[in-house]
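Asker: As input, take my_file_7.cif (mmCIF, C-alpha atoms):
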data_run
loop_
_atom_site.label_atom_id
_atom_site.label_comp_id
_atom_site.auth_asym_id
_atom_site.auth_seq_id
_atom_site.Cartn_x
_atom_site.Cartn_y
_atom_site.Cartn_z
CA GLU A 12 -8.46 9.26 14.41
CA ALA A 13 -4.97 10.53 13.67
CA ALA A 14 -4.69 14.29 13.34
CA VAL A 15 -2.43 15.91 10.75
CA THR A 16 -2.59 19.68 10.41
CA GLN A 17 -1.17 21.59 7.46
CA SER A 18 -0.61 25.31 7.03
CA PRO A 19 -1.23 27.47 5.20
CA ARG A 20 -4.34 26.19 3.43
CA ASN A 21 -3.64 28.31 0.38
CA LYS A 22 -0.48 30.07 -0.78
CA VAL A 23 0.30 32.25 -3.79
CA THR A 24 3.87 33.21 -4.63
CA VAL A 25 5.85 34.41 -7.62
CA THR A 26 8.47 32.60 -9.65
CA GLY A 27 11.73 32.58 -7.71
CA GLY A 28 9.96 33.08 -4.41
CA ASN A 29 10.67 31.30 -1.14
CA VAL A 30 7.92 29.10 0.32
CA THR A 31 7.66 26.96 3.43
CA LEU A 32 4.79 24.52 3.95
CA SER A 33 4.21 23.28 7.47
CA CYS A 34 2.83 20.03 8.84
CA ARG A 35 2.22 18.89 12.39
CA GLN A 36 0.94 15.53 13.58
CA THR A 37 -0.13 14.90 17.16
CA ASN A 38 -0.27 11.13 17.19
CA SER A 39 3.36 10.25 17.94
CA HIS A 40 3.75 8.64 14.54
CA ASN A 41 7.31 7.92 13.49
CA TYR A 42 6.87 8.44 9.77
CA MET A 43 5.90 11.59 7.93
CA TYR A 44 5.55 12.23 4.20
CA TRP A 45 5.11 15.03 1.70
CA TYR A 46 3.10 14.27 -1.47
CA ARG A 47 1.99 16.43 -4.35
CA GLN A 48 -1.28 15.79 -6.18
CA ASP A 49 -1.72 16.65 -9.83
CA THR A 50 -4.46 15.60 -12.22
CA GLY A 51 -3.34 12.65 -14.30
CA HIS A 52 -0.50 11.79 -11.91
CA GLY A 53 -2.27 10.95 -8.70
CA LEU A 54 -0.18 11.41 -5.57
CA ARG A 55 3.59 11.51 -5.92
CA LEU A 56 6.03 11.28 -3.02
CA ILE A 57 8.44 14.20 -2.63
CA HIS A 58 10.27 13.48 0.65
CA TYR A 59 9.66 11.43 3.77
CA SER A 60 11.15 10.95 7.21
CA TYR A 61 11.55 8.17 9.76
CA GLY A 62 11.94 10.53 12.70
CA ALA A 63 13.37 13.82 13.93
CA GLY A 64 16.47 14.73 11.95
CA ASN A 65 15.95 11.97 9.38
CA LEU A 66 15.16 12.66 5.72
CA GLN A 67 14.57 10.27 2.84
CA ILE A 68 14.27 11.19 -0.82
CA GLY A 69 11.03 10.35 -2.57
CA ASP A 70 10.16 9.97 -6.25
CA VAL A 71 9.94 13.64 -7.29
CA PRO A 72 12.42 15.50 -5.04
CA ASP A 73 13.86 18.03 -7.51
CA GLY A 74 13.35 21.62 -6.41
CA TYR A 75 12.25 20.66 -2.89
CA LYS A 76 13.96 20.46 0.48
CA ALA A 77 12.43 19.09 3.65
CA THR A 78 13.28 19.19 7.30
CA ARG A 79 11.94 17.17 10.25
CA THR A 80 12.63 19.26 13.32
CA THR A 81 10.72 17.20 15.89
CA GLN A 82 8.62 14.03 16.06
CA GLU A 83 5.59 16.22 15.33
CA ASP A 84 6.81 18.75 12.75
CA PHE A 85 7.78 18.27 9.10
CA PHE A 86 8.42 21.17 6.72
CA LEU A 87 8.63 21.38 2.94
CA LEU A 88 10.80 24.15 1.49
CA LEU A 89 10.72 25.59 -2.00
CA GLU A 90 13.66 27.98 -2.21
CA LEU A 91 13.25 29.09 -5.84
CA ALA A 92 9.63 28.36 -6.67
CA SER A 93 8.72 27.65 -10.29
CA PRO A 94 5.31 27.49 -12.03
CA SER A 95 5.77 23.69 -12.40
CA GLN A 96 5.48 23.47 -8.61
CA THR A 97 1.93 24.78 -8.69
CA SER A 98 0.08 21.88 -7.10
CA LEU A 99 -1.91 20.55 -4.17
CA TYR A 100 0.45 19.39 -1.43
CA PHE A 101 -0.41 16.81 1.21
CA CYS A 102 1.40 15.83 4.35
CA ALA A 103 0.79 12.40 5.87
CA SER A 104 1.94 10.39 8.85
CA SER A 105 1.98 6.73 9.79
CA ASP A 106 3.04 4.47 12.60
CA ALA A 107 5.87 1.99 12.31
CA GLY A 108 5.36 -1.40 10.73
CA SER A 109 4.84 -2.93 7.33
CA ALA A 110 1.06 -2.72 7.28
CA GLU A 111 0.66 0.87 8.33
CA THR A 112 -2.03 3.22 7.05
CA LEU A 113 -1.24 6.79 6.04
CA TYR A 114 -3.18 9.62 7.66
CA PHE A 115 -3.34 12.73 5.48
CA GLY A 116 -3.81 16.38 6.28
CA SER A 117 -6.28 18.61 4.43
CA GLY A 118 -3.71 19.89 1.97
CA THR A 119 -2.08 23.16 0.91
CA ARG A 120 -2.88 24.58 -2.48
CA LEU A 121 0.20 26.36 -3.84
CA THR A 122 0.10 28.65 -6.87
CA VAL A 123 3.35 29.92 -8.37
CA LEU A 124 2.77 32.83 -10.74
CA GLN B 15 5.17 4.44 -17.06
CA GLN B 16 3.12 4.68 -13.89
CA LYS B 17 3.83 1.64 -11.70
CA VAL B 18 0.25 1.56 -10.47
CA GLN B 19 -2.41 2.07 -13.12
CA GLN B 20 -6.12 2.51 -12.46
CA SER B 21 -9.16 2.17 -14.67
CA PRO B 22 -11.51 3.65 -15.55
CA GLU B 23 -10.52 7.31 -15.14
CA SER B 24 -14.09 8.15 -14.21
CA LEU B 25 -17.24 6.22 -13.49
CA SER B 26 -20.91 7.15 -13.08
CA VAL B 27 -23.15 4.79 -11.17
CA PRO B 28 -26.84 5.12 -10.21
CA GLU B 29 -27.70 5.34 -6.55
CA GLY B 30 -28.09 1.81 -5.25
CA GLY B 31 -25.96 0.38 -8.04
CA MET B 32 -22.59 -1.37 -8.10
CA ALA B 33 -19.34 0.46 -8.85
CA SER B 34 -16.27 -1.53 -9.91
CA LEU B 35 -12.78 -0.05 -9.92
CA ASN B 36 -9.60 -1.67 -11.19
CA CYS B 37 -5.92 -1.35 -10.41
CA THR B 38 -2.92 -3.09 -11.98
CA SER B 39 0.69 -2.93 -10.86
CA SER B 40 3.70 -3.30 -13.13
CA ASP B 41 6.07 -3.93 -10.21
CA ARG B 42 6.23 -7.55 -9.05
CA ASN B 43 7.75 -6.38 -5.75
CA PHE B 44 4.45 -4.83 -4.71
CA GLN B 45 2.79 -7.08 -2.16
CA TYR B 46 0.65 -4.74 -0.09
CA PHE B 47 -2.30 -2.83 -1.52
CA TRP B 48 -4.64 -0.14 -0.21
CA TRP B 49 -7.64 1.74 -1.45
CA TYR B 50 -7.89 5.38 -0.40
CA ARG B 51 -10.86 7.70 -0.90
CA GLN B 52 -10.73 11.47 -1.27
CA HIS B 53 -13.79 13.69 -1.05
CA SER B 54 -13.60 17.09 -2.67
CA GLY B 55 -11.64 19.59 -0.57
CA GLU B 56 -10.27 16.95 1.79
CA GLY B 57 -7.19 14.78 2.11
CA PRO B 58 -7.28 11.10 1.13
CA LYS B 59 -8.47 8.63 3.76
CA ALA B 60 -7.70 4.94 3.86
CA LEU B 61 -10.72 2.87 2.91
CA MET B 62 -9.30 -0.63 3.20
CA SER B 63 -6.17 -2.67 2.78
CA ILE B 64 -5.65 -6.09 1.23
CA PHE B 65 -2.49 -8.16 1.51
CA SER B 66 -3.61 -11.70 0.68
CA ASP B 67 -5.06 -13.25 -2.47
CA GLY B 68 -8.83 -13.39 -2.57
CA ASP B 69 -11.63 -11.18 -1.31
CA LYS B 70 -11.85 -8.87 1.66
CA LYS B 71 -15.21 -7.38 2.60
CA GLU B 72 -15.88 -4.36 4.77
CA GLY B 73 -19.51 -3.32 4.79
CA ARG B 74 -20.56 -2.32 1.28
CA PHE B 75 -16.96 -2.45 0.02
CA THR B 76 -15.23 -5.56 -1.30
CA ALA B 77 -11.62 -5.67 -2.45
CA HIS B 78 -10.18 -8.51 -4.50
CA LEU B 79 -6.48 -9.23 -4.95
CA ASN B 80 -4.78 -11.52 -7.45
CA LYS B 81 -1.04 -11.33 -6.82
CA ALA B 82 -0.19 -13.53 -9.80
CA SER B 83 -1.68 -10.97 -12.18
CA LEU B 84 -0.82 -7.98 -9.94
CA HIS B 85 -4.46 -6.94 -10.10
CA VAL B 86 -6.62 -5.53 -7.35
CA SER B 87 -10.21 -4.36 -7.65
CA LEU B 88 -12.71 -2.53 -5.48
CA HIS B 89 -16.46 -3.09 -5.68
CA ILE B 90 -18.92 -0.75 -4.02
CA ARG B 91 -22.33 -2.31 -3.48
CA ASP B 92 -25.50 -0.23 -3.00
CA SER B 93 -23.70 2.99 -3.96
CA GLN B 94 -24.68 6.11 -2.02
CA PRO B 95 -24.25 9.80 -2.91
CA SER B 96 -21.61 9.99 -0.16
CA ASP B 97 -19.53 7.49 -2.17
CA SER B 98 -18.96 10.17 -4.82
CA ALA B 99 -15.22 10.77 -4.51
CA LEU B 100 -11.80 10.19 -6.05
CA TYR B 101 -10.54 6.68 -5.32
CA PHE B 102 -6.84 5.86 -5.27
CA CYS B 103 -5.15 2.50 -5.41
CA ALA B 104 -1.80 2.41 -3.55
CA ALA B 105 0.87 -0.26 -3.29
CA ARG B 106 4.30 -1.02 -1.93
CA GLY B 107 6.72 -3.86 -1.56
CA ASN B 108 8.12 -5.65 1.46
CA THR B 109 10.57 -3.33 3.22
CA GLY B 110 11.45 -5.67 6.08
CA GLY B 111 9.39 -3.90 8.71
CA LEU B 112 10.40 -0.35 7.86
CA SER B 113 7.76 2.01 6.61
CA GLY B 114 8.03 2.00 2.86
CA LYS B 115 6.88 4.66 0.54
CA LEU B 116 3.51 4.06 -1.05
CA THR B 117 3.08 4.35 -4.81
CA PHE B 118 -0.32 5.71 -5.81
CA GLY B 119 -2.28 5.33 -9.02
CA GLU B 120 -3.81 8.23 -10.93
CA GLY B 121 -7.22 7.80 -9.33
CA THR B 122 -10.76 6.95 -10.47
CA GLN B 123 -13.45 9.62 -10.06
CA VAL B 124 -16.71 8.02 -8.97
CA THR B 125 -19.98 9.92 -9.29
CA VAL B 126 -23.15 8.46 -7.81
CA ILE B 127 -26.21 9.75 -9.63
CA SER B 128 -29.43 10.14 -7.63
#
Would you put the structure from the file into structure tokens?

Answerer:
Amino acid sequence: EAAVTQSPRNKVTVTGGNVTLSCRQTNSHNYMYWYRQDTGHGLRLIHYSYGAGNLQIGDVPDGYKATRTTQEDFFLLLELASPSQTSLYFCASSDAGSAETLYFGSGTRLTVL
Amino acid sequence: QQKVQQSPESLSVPEGGMASLNCTSSDRNFQYFWWYRQHSGEGPKALMSIFSDGDKKEGRFTAHLNKASLHVSLHIRDSQPSDSALYFCAARGNTGGLSGKLTFGEGTQVTVIS
């Protein structure tokens, strides 16, 4: 089964703080995604990428930057964290094609005080 | 308005019983549907996909898709305690072979009561 590893597992920061969430997949998948999960909203797409150096804007991108440095690594950056960004963040990857399945990591719980 | 809406929000089912989950899309471009399952403390995992009208069965799980009404359902037969989880419906349109972003519903929390 596809392996997607996220770090850290938990993160606490203060309003205005700088946060980087990391994701690595070891299955040579082309596509990687960042989602946030909030009760009542399900999973919402923040940013995604087709490959190293590529970045696509998702549905809720405000306040977030992302960077895909290699095929394996995808980072989510919060440069001025706000309490509204307190959430559970998931990274996912998938192979190319129209019928692909997403493989999710275990998540990072971020709290912004 | 959420493009993918699920009902009910939560569902309790006795062990060995049948659980039925519903999902409706408001976007006629959506042609591909998935069900994902998330156990507490874990990431979501794909349960099954359905792309054609009709039923698709995988073990104790049966999905049904009606593209005309943009409705997809999931039925869990002989429910087990391990089926207790948050279930998401997800959908996307035809992106011509490129990976398209999935749109998820709000989720249905299923609790199997022993």

Asker: Would you kindly identify which residues have an atom no farther than 10 Å from (14.4, 12.2, 14.0), using only C-alpha atoms and the file's own coordinates, and write them out as a VMD selection string?

Answerer: chain A and resid 41 to 42 60 to 66 78 to 83

Asker: Hey, can you pull every residue with an atom no more than 9 Å from (-3.4, 18.5, -5.7), using all atoms listed in the file, and send it as a PDB file with C-alpha atoms, in the frame of the given file?

Answerer:
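Result file follows (selection01.pdb):
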ATOM      1  CA  TYR A  46       3.100  14.270  -1.470  1.00  0.00           C
ATOM      2  CA  ARG A  47       1.990  16.430  -4.350  1.00  0.00           C
ATOM      3  CA  GLN A  48      -1.280  15.790  -6.180  1.00  0.00           C
ATOM      4  CA  ASP A  49      -1.720  16.650  -9.830  1.00  0.00           C
ATOM      5  CA  THR A  50      -4.460  15.600 -12.220  1.00  0.00           C
ATOM      6  CA  GLY A  53      -2.270  10.950  -8.700  1.00  0.00           C
ATOM      7  CA  LEU A  54      -0.180  11.410  -5.570  1.00  0.00           C
ATOM      8  CA  THR A  97       1.930  24.780  -8.690  1.00  0.00           C
ATOM      9  CA  SER A  98       0.080  21.880  -7.100  1.00  0.00           C
ATOM     10  CA  LEU A  99      -1.910  20.550  -4.170  1.00  0.00           C
ATOM     11  CA  TYR A 100       0.450  19.390  -1.430  1.00  0.00           C
ATOM     12  CA  PHE A 101      -0.410  16.810   1.210  1.00  0.00           C
ATOM     13  CA  GLY A 118      -3.710  19.890   1.970  1.00  0.00           C
ATOM     14  CA  THR A 119      -2.080  23.160   0.910  1.00  0.00           C
ATOM     15  CA  ARG A 120      -2.880  24.580  -2.480  1.00  0.00           C
ATOM     16  CA  LEU A 121       0.200  26.360  -3.840  1.00  0.00           C
TER      17      LEU A 121
END

Asker: Please expand the PyMOL selection byres ((chain A) within 9 of (chain B)) into the concrete residues it hits in this file, giving the result as a list in words.

Answerer: Tyr42, Tyr44, Asp49, Thr50, Gly51, His52, Gly53, Leu54, Arg55, Leu56, Tyr59, Tyr61, Gly69, Phe101, Cys102, Ser105, Asp106, Ala107, Gly108, Ser109, Ala110, Glu111, Thr112, Leu113, Tyr114, Phe115, Gly116, Ser117 and Gly118 of chain A

Asker: For the atom pair atom CA of A:Val123 and atom CA of B:Ser54, what is the interatomic distance in Å to one decimal place?

Answerer: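 Separating atom CA of A:Val123 from atom CA of B:Ser54 is a distance of 22.0 Å.
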
Asker: So, counting only C-alpha atoms, which residue among B:Ala105, B:Ser96, B:Asn36, B:Arg74 is closest to B:His53?

Answerer: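 That would be B:Ser96, the residue with the smallest distance to B:His53.
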
Asker: Can you list, as a list of chain:residue names, the residues that the PyMOL selection byres ((chain B and resi 124) around 9) selects here?

Answerer: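 That selection, the PyMOL selection byres ((chain B and resi 124) around 9), comes back as B:Glu23, B:Ser24, B:Leu25, B:Ser26, B:Val27, B:Ala33, B:Asp97, B:Ser98, B:Ala99, B:Leu100, B:Tyr101, B:Thr122, B:Gln123, B:Thr125, B:Val126.
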
Asker: Nearest residue to B:Lys70 out of B:Ser40, B:His89, B:Gln94, B:Ala82, using all atoms listed in the file?

Answerer: B:His89

Asker: What is the atom CA of A:Asn38-atom CA of A:Asp84 distance in Å, reported with one decimal?

Answerer: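 Atom CA of A:Asn38 sits 11.3 Å away from atom CA of A:Asp84.
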
Asker: Please indicate the distance in Å from atom CA of B:Asp41 to atom CA of B:Ser66, rounded to one decimal place.

Answerer: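 That distance, rounded to one decimal, is 16.5 Å.
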
Asker: Expanded to explicit residues, what is the PyMOL selection byres ((chain B and resi 91) around 10) for this file, as a PyMOL selection string?

Answerer: chain B and resi 29-34+73-76+88-90+92-94

Asker: Counting all atoms listed in the file, which of B:Lys17, B:Pro22, B:Ser39, B:Gln45 gets nearest to B:His85?

Answerer: B:Ser39

Asker: Would you compute the box with edges along x, y and z of the file around stretch 74-82 of chain A, including every atom the file lists for it and 6 Å extra on each side, and give its centre and edge lengths in Å to one decimal, as AutoDock Vina command-line options?

Answerer:
--center_x 11.3 --center_y 17.8 --center_z 4.8 --size_x 17.3 --size_y 19.6 --size_z 34.5

Asker: With only C-alpha atoms as the basis for distance, which of A:Gln17, A:Ser39, A:Thr26, A:Ser33 is at the shortest distance from A:Leu124?

Answerer: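 Ranking A:Gln17, A:Ser39, A:Thr26, A:Ser33 by distance to A:Leu124, first place goes to A:Thr26.
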